[in-house]
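Novice: Below is the file coords-v3.cif, which contains mmCIF, C-alpha atoms.
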```cif
data_my_file
loop_
_atom_site.label_atom_id
_atom_site.label_comp_id
_atom_site.auth_asym_id
_atom_site.auth_seq_id
_atom_site.Cartn_x
_atom_site.Cartn_y
_atom_site.Cartn_z
CA MET A 2 -7.09 3.29 17.32
CA PHE A 3 -4.19 5.47 18.56
CA GLU A 4 -6.57 7.87 20.39
CA ARG A 5 -4.07 8.58 23.16
CA GLU A 6 -1.06 8.84 20.82
CA ILE A 7 -2.89 11.21 18.48
CA GLU A 8 -3.95 13.37 21.40
CA VAL A 9 -0.28 13.61 22.45
CA TYR A 10 0.72 14.39 18.83
CA PHE A 11 -1.67 17.34 18.58
CA LYS A 12 -0.72 18.59 22.05
CA LEU A 13 2.97 18.71 21.06
CA LYS A 14 2.56 19.50 17.38
CA ASN A 15 3.47 23.21 17.51
CA ASP A 16 6.81 22.34 19.09
CA LEU A 17 7.64 19.46 16.72
CA PRO A 18 9.88 20.00 13.67
CA LEU A 19 7.89 20.10 10.44
CA GLY A 20 8.78 17.37 7.97
CA ARG A 21 10.34 15.02 10.51
CA VAL A 22 8.81 11.81 11.79
CA VAL A 23 7.72 11.29 15.38
CA LEU A 24 7.38 8.03 17.29
CA ILE A 25 4.77 8.10 20.06
CA HIS A 26 3.82 5.20 22.29
CA ASP A 27 0.95 5.55 24.72
CA SER A 28 1.46 9.03 26.22
CA ASP A 29 5.18 9.26 25.51
CA LEU A 30 7.05 10.95 22.69
CA ILE A 31 9.80 8.41 22.16
CA GLY A 32 11.80 10.26 19.52
CA VAL A 33 12.02 12.32 16.34
CA PHE A 34 13.46 10.74 13.19
CA ASP A 35 14.28 11.60 9.59
CA THR A 36 12.36 8.71 8.02
CA ASP A 37 9.48 6.33 8.68
CA ALA A 38 11.90 3.41 8.49
CA GLU A 39 14.06 4.79 11.30
CA ALA A 40 11.02 5.38 13.51
CA VAL A 41 9.62 1.91 12.77
CA ARG A 42 13.02 0.38 13.61
CA GLU A 43 13.14 2.11 16.98
CA GLY A 44 9.48 1.36 17.69
CA THR A 45 9.91 -2.32 16.89
CA ARG A 46 13.15 -2.50 18.91
CA ARG A 47 11.39 -1.11 21.97
CA PHE A 48 7.88 -2.45 21.65
CA GLY A 49 8.00 -5.41 19.27
CA ARG A 50 4.57 -5.99 17.77
CA GLU A 51 2.79 -3.65 20.17
CA PRO A 52 1.16 -0.71 18.32
CA PHE A 53 3.03 2.60 18.23
CA LEU A 54 2.29 5.76 16.26
CA VAL A 55 4.67 6.90 13.51
CA ARG A 56 3.63 10.17 11.87
CA GLN A 57 5.32 12.84 9.80
CA VAL A 58 4.81 16.31 11.27
CA ARG A 59 2.83 18.38 8.77
CA ALA A 60 1.20 21.79 8.94
CA VAL A 61 -1.99 20.30 7.52
CA GLU A 62 -2.96 16.66 8.06
CA PRO A 63 -3.34 14.93 4.69
CA VAL A 64 -6.54 13.34 3.40
CA MET A 65 -5.96 10.43 1.02
CA SER A 66 -8.13 9.38 -1.87
CA ASN A 67 -8.56 6.10 -3.64
CA PRO A 68 -11.62 6.38 -5.86
CA ALA A 69 -11.57 2.88 -7.33
CA LEU A 70 -11.35 1.21 -3.93
CA ASP A 71 -13.84 3.57 -2.34
CA LEU A 72 -16.45 3.18 -5.06
CA GLY A 73 -15.94 -0.58 -5.40
CA ILE A 74 -15.08 -0.31 -9.09
CA LEU A 75 -11.71 -2.07 -9.06
CA ARG A 76 -13.21 -4.77 -11.28
CA ALA A 77 -16.44 -3.25 -12.47
CA PRO A 78 -18.22 -5.09 -15.29
CA SER A 79 -17.22 -3.85 -18.70
CA ALA A 80 -19.52 -2.93 -21.57
CA HIS A 81 -17.70 -5.54 -23.73
CA MET B 21 17.10 0.09 -15.32
CA PRO B 22 14.38 -2.19 -13.84
CA LEU B 23 11.58 -2.66 -16.35
CA LEU B 24 8.45 -4.81 -16.37
CA HIS B 25 6.29 -5.51 -19.38
CA ILE B 26 2.60 -6.18 -18.58
CA GLU B 27 0.30 -7.87 -21.09
CA PRO B 28 -2.78 -9.41 -19.42
CA LYS B 29 -4.86 -12.15 -21.02
CA ALA B 30 -8.64 -12.55 -20.73
CA GLU B 31 -11.23 -14.98 -22.01
CA VAL B 32 -14.93 -14.74 -22.78
CA LEU B 33 -17.44 -17.46 -23.64
CA ASP B 34 -18.61 -17.45 -27.24
CA LEU B 35 -22.17 -18.30 -28.30
CA ASP B 36 -21.35 -22.06 -28.07
CA GLY B 37 -20.16 -21.62 -24.50
CA LYS B 38 -16.54 -22.15 -25.48
CA PRO B 39 -13.88 -19.87 -24.05
CA ARG B 40 -12.04 -17.67 -26.46
CA ALA B 41 -9.36 -15.08 -25.89
CA THR B 42 -10.35 -11.45 -26.01
CA SER B 43 -8.27 -8.92 -27.84
CA PRO B 44 -5.25 -7.66 -25.86
CA SER B 45 -6.86 -4.24 -25.71
CA VAL B 46 -9.99 -5.62 -24.00
CA ALA B 47 -7.89 -7.79 -21.66
CA LEU B 48 -5.96 -4.75 -20.46
CA GLN B 49 -9.15 -2.76 -19.98
CA TRP B 50 -10.73 -5.58 -17.95
CA HIS B 51 -7.79 -6.52 -15.77
CA GLY B 52 -5.82 -3.29 -15.66
CA ALA B 53 -2.06 -3.21 -15.25
CA LYS B 54 -1.53 -5.98 -12.70
CA VAL B 55 1.79 -7.24 -11.36
CA GLN B 56 2.89 -10.04 -9.06
CA VAL B 57 4.12 -8.71 -5.73
CA ALA B 58 5.49 -10.02 -2.45
CA LEU B 59 4.17 -8.26 0.65
CA GLN B 60 6.35 -8.32 3.75
CA LEU B 61 7.24 -6.37 6.89
CA SER B 62 9.79 -3.60 6.37
CA ALA B 63 13.47 -4.55 6.52
CA ALA B 64 13.90 -2.54 9.72
CA ALA B 65 10.98 -4.28 11.47
CA LEU B 66 12.21 -7.72 10.33
CA GLN B 67 15.70 -7.04 11.66
CA GLU B 68 14.45 -5.82 15.03
CA LEU B 69 12.01 -8.72 15.40
CA ALA B 70 14.84 -11.14 14.57
CA ASN B 71 16.97 -9.43 17.25
CA ARG B 72 14.14 -10.07 19.70
CA GLY B 73 14.17 -13.74 18.75
CA GLU B 74 10.71 -13.62 17.19
CA LYS B 75 9.65 -15.87 14.35
CA LEU B 76 9.64 -13.97 11.06
CA PRO B 77 6.70 -14.24 8.66
CA THR B 78 6.91 -15.60 5.14
CA PRO B 79 6.14 -12.96 2.50
CA ILE B 80 2.67 -13.12 0.98
CA VAL B 81 2.71 -13.31 -2.81
CA GLY B 82 -0.24 -12.13 -4.87
CA GLU B 83 -1.45 -9.67 -7.45
CA ALA B 84 -1.33 -5.89 -7.22
CA LEU B 85 -3.06 -3.42 -9.48
CA ILE B 86 -1.29 -0.26 -10.60
CA ASP B 87 -3.80 2.42 -9.61
CA THR B 88 -2.97 5.94 -10.75
CA GLY B 89 -6.11 7.15 -8.96
CA ALA B 90 -4.71 6.31 -5.53
CA THR B 91 -2.81 8.97 -3.58
CA VAL B 92 -0.88 6.29 -1.74
CA SER B 93 -0.53 2.55 -2.08
CA CYS B 94 -2.96 0.27 -0.33
CA ILE B 95 -2.53 -3.22 1.09
CA ASP B 96 -5.10 -5.84 1.98
CA ILE B 97 -5.96 -5.76 5.69
CA GLU B 98 -6.33 -9.55 5.88
CA ALA B 99 -2.88 -10.03 4.34
CA ALA B 100 -1.47 -7.47 6.78
CA ASN B 101 -3.00 -9.37 9.70
CA GLU B 102 -1.64 -12.66 8.36
CA LEU B 103 1.86 -11.17 8.32
CA GLY B 104 1.43 -9.79 11.83
CA LEU B 105 1.85 -6.29 10.43
CA VAL B 106 0.70 -3.76 13.03
CA PRO B 107 -0.72 -0.36 11.94
CA ILE B 108 1.56 2.62 12.61
CA ASP B 109 -1.07 5.32 12.11
CA VAL B 110 -4.56 6.09 10.88
CA THR B 111 -5.48 8.50 8.12
CA LYS B 112 -8.60 10.06 6.69
CA MET B 113 -9.71 8.73 3.35
CA ASN B 114 -11.64 11.05 1.09
CA SER B 115 -14.78 9.37 -0.11
CA ALA B 116 -17.10 10.12 -2.98
CA SER B 117 -19.86 7.97 -1.55
CA HIS B 118 -19.89 8.91 2.13
CA SER B 119 -18.15 11.18 4.64
CA ASP B 120 -14.39 10.92 5.15
CA HIS B 121 -13.50 7.90 7.22
CA GLU B 122 -10.44 6.62 9.03
CA VAL B 123 -8.36 3.75 7.73
CA PRO B 124 -5.29 2.07 9.22
CA VAL B 125 -1.85 2.90 7.85
CA TYR B 126 0.92 0.31 7.66
CA PHE B 127 4.63 0.56 6.89
CA ALA B 128 5.24 -2.39 4.63
CA SER B 129 7.59 -3.69 1.98
CA LEU B 130 6.19 -4.35 -1.47
CA GLU B 131 8.43 -6.11 -3.97
CA ILE B 132 7.38 -6.24 -7.61
CA LEU B 133 8.41 -9.70 -8.70
CA GLY B 134 10.23 -10.12 -11.99
CA MET B 135 11.42 -6.54 -11.84
CA GLY B 136 13.80 -6.29 -8.92
CA ALA B 137 11.92 -3.32 -7.48
CA ARG B 138 11.13 -3.06 -3.79
CA PHE B 139 9.28 -0.20 -2.13
CA GLU B 140 8.94 0.50 1.58
CA LEU B 141 5.91 2.70 1.91
CA ARG B 142 3.26 3.99 4.25
CA SER B 143 0.27 2.15 2.84
CA MET B 144 -3.41 2.41 3.63
CA GLY B 145 -5.26 -0.72 4.66
CA GLY B 146 -8.24 -1.79 2.58
CA ALA B 147 -10.42 -4.81 1.86
CA LEU B 148 -8.87 -6.06 -1.38
CA LYS B 149 -9.11 -9.83 -0.99
CA ALA B 150 -12.54 -10.00 -2.62
CA GLN B 151 -10.93 -8.48 -5.71
CA SER B 152 -8.19 -11.17 -5.65
CA LEU B 153 -5.65 -8.44 -4.95
CA ILE B 154 -3.21 -7.96 -2.10
CA ALA B 155 -2.21 -4.41 -3.00
CA LEU B 156 -2.89 -1.31 -5.04
CA ILE B 157 0.24 0.43 -6.25
CA GLY B 158 -0.48 4.14 -5.90
CA ARG B 159 1.14 7.37 -6.96
CA ASP B 160 3.61 7.25 -4.05
CA ALA B 161 5.30 4.20 -5.57
CA LEU B 162 4.88 5.59 -9.08
CA ALA B 163 6.63 8.83 -8.07
CA GLY B 164 9.91 7.15 -9.01
CA SER B 165 8.60 5.30 -12.04
CA VAL B 166 7.53 5.78 -15.63
CA LEU B 167 4.35 3.98 -16.66
CA PHE B 168 3.47 3.50 -20.32
CA TYR B 169 -0.17 2.47 -20.77
CA ASP B 170 -0.82 1.44 -24.37
CA GLY B 171 -4.55 0.76 -24.63
CA PRO B 172 -4.73 -0.06 -28.36
CA THR B 173 -2.10 -2.82 -28.13
CA GLY B 174 -3.17 -3.99 -24.64
CA GLN B 175 0.23 -3.55 -23.07
CA ALA B 176 1.68 -1.56 -20.21
CA THR B 177 5.31 -1.07 -19.23
CA LEU B 178 6.58 0.00 -15.84
CA VAL B 179 10.10 1.42 -15.63
CA LEU B 180 11.84 2.33 -12.39
CA VAL B 181 13.99 5.42 -12.93
#
```
Represent the structure contained in this file as structure tokens.
Specialist:
Amino acid sequence: MFEREIEVYFKLKNDLPLGRVVLIHDSDLIGVFDTDAEAVREGTRRFGREPFLVRQVRAVEPVMSNPALDLGILRAPSAH
Amino acid sequence: MPLLHIEPKAEVLDLDGKPRATSPSVALQWHGAKVQVALQLSAAALQELANRGEKLPTPIVGEALIDTGATVSCIDIEAANELGLVPIDVTKMNSASHSDHEVPVYFASLEILGMGARFELRSMGGALKAQSLIALIGRDALAGSVLFYDGPTGQATLVLV
């Protein structure tokens, strides 16, 4: 998912302003925004329900963690 | 100041097979701090879809678990599909059980019912339906909140500051 958009993101990354949010569709950088909401608004206005990439420009790409979901222990049996 | 008091109930079967209520402390341990939420597209996406003359989805109401172990909030992928919510990104999820893997990222609105609190967040997609949940409320949403977790009395309180 988003292979082409992510390729464009990394190609342009050094020239993009850190902390701002980019909107990329297919091979095109559509715009740079202050917030996710602004980028999603513009993306939806132009492309409707077609997928478009919205990503904050960061020096290091974040890795998320969600131990309970990952380990399947959201509702683990209790000792009681 | 929006405030929500959480006091889950739970039952177990006694030796005669009759259900009886557990102590509040056990109920909170079993169920965790769960809240009723309404999942919907972001306000911006709804407005633009309306401008395009598209039919707008009805919010999906269900339970969400407050999960202080989650970096960001998570929404159920099936619920996202039902709403017609399209991913806006992918991210790597750190995993204790296998190598990092990619998950979809959505921009969605999550309203905590009975509290008057609505968040618009980048949320990871996950398979939550089997847990009877539509969302996990992570530390991104909690960044603007105070959560009191009182294990001995089996109560939790969420305050939006």
Novice: Apply the PyMOL selection byres ((chain B) within 7 of (chain A)) to the structure shown and report the selected residues as an MDAnalysis selection string.
Specialist: chainID B and resid 50 64:65 68:69 89:91 106:109 111:115 117
Novice: Report, in Å with one decimal, the straight-line distance from atom CA of B:Val81 to atom CA of B:Leu59.
Specialist: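 Answer for the atom CA of B:Val81 to atom CA of B:Leu59 separation: 6.3 Å.
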Novice: Identify the residues within 9 Å of coordinate (-1.7, -15.0, -23.4) (same frame as the file), considering all atoms listed in the file, and give the answer as a PyMOL selection string.
Specialist: chain B and resi 27-30+41+44
Novice: Edge lengths and centre in Å to one decimal, as lines of an AutoDock Vina configuration file, of the axis-aligned box that encloses all listed atoms of stretch 22-38 of chain A with 3 Å added on every side?
Specialist:
```
center_x = 7.6
center_y = 7.9
center_z = 17.1
size_x = 19.3
size_y = 14.9
size_z = 24.2
```
Novice: Figure out the distance between atom CA of B:Gln60 and atom CA of B:Thr78, please, to one decimal in Å.
Specialist: 7.4 Å
Novice: Go through the shown structure with the PyMOL selection byres ((chain A and resi 58) around 6) and write out the matching residues as a list in words.
Specialist: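 Answer for the PyMOL selection byres ((chain A and resi 58) around 6): Leu19, Gly20, Arg21, Gln57 and Arg59 of chain A.
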Novice: Give me, please, the distance in Å between atom CA of B:Ile157 and atom CA of B:Ile95, quoted to one decimal.
Specialist: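 Taking atom CA of B:Ile157 as the start and atom CA of B:Ile95 as the end point, the length is 8.7 Å.
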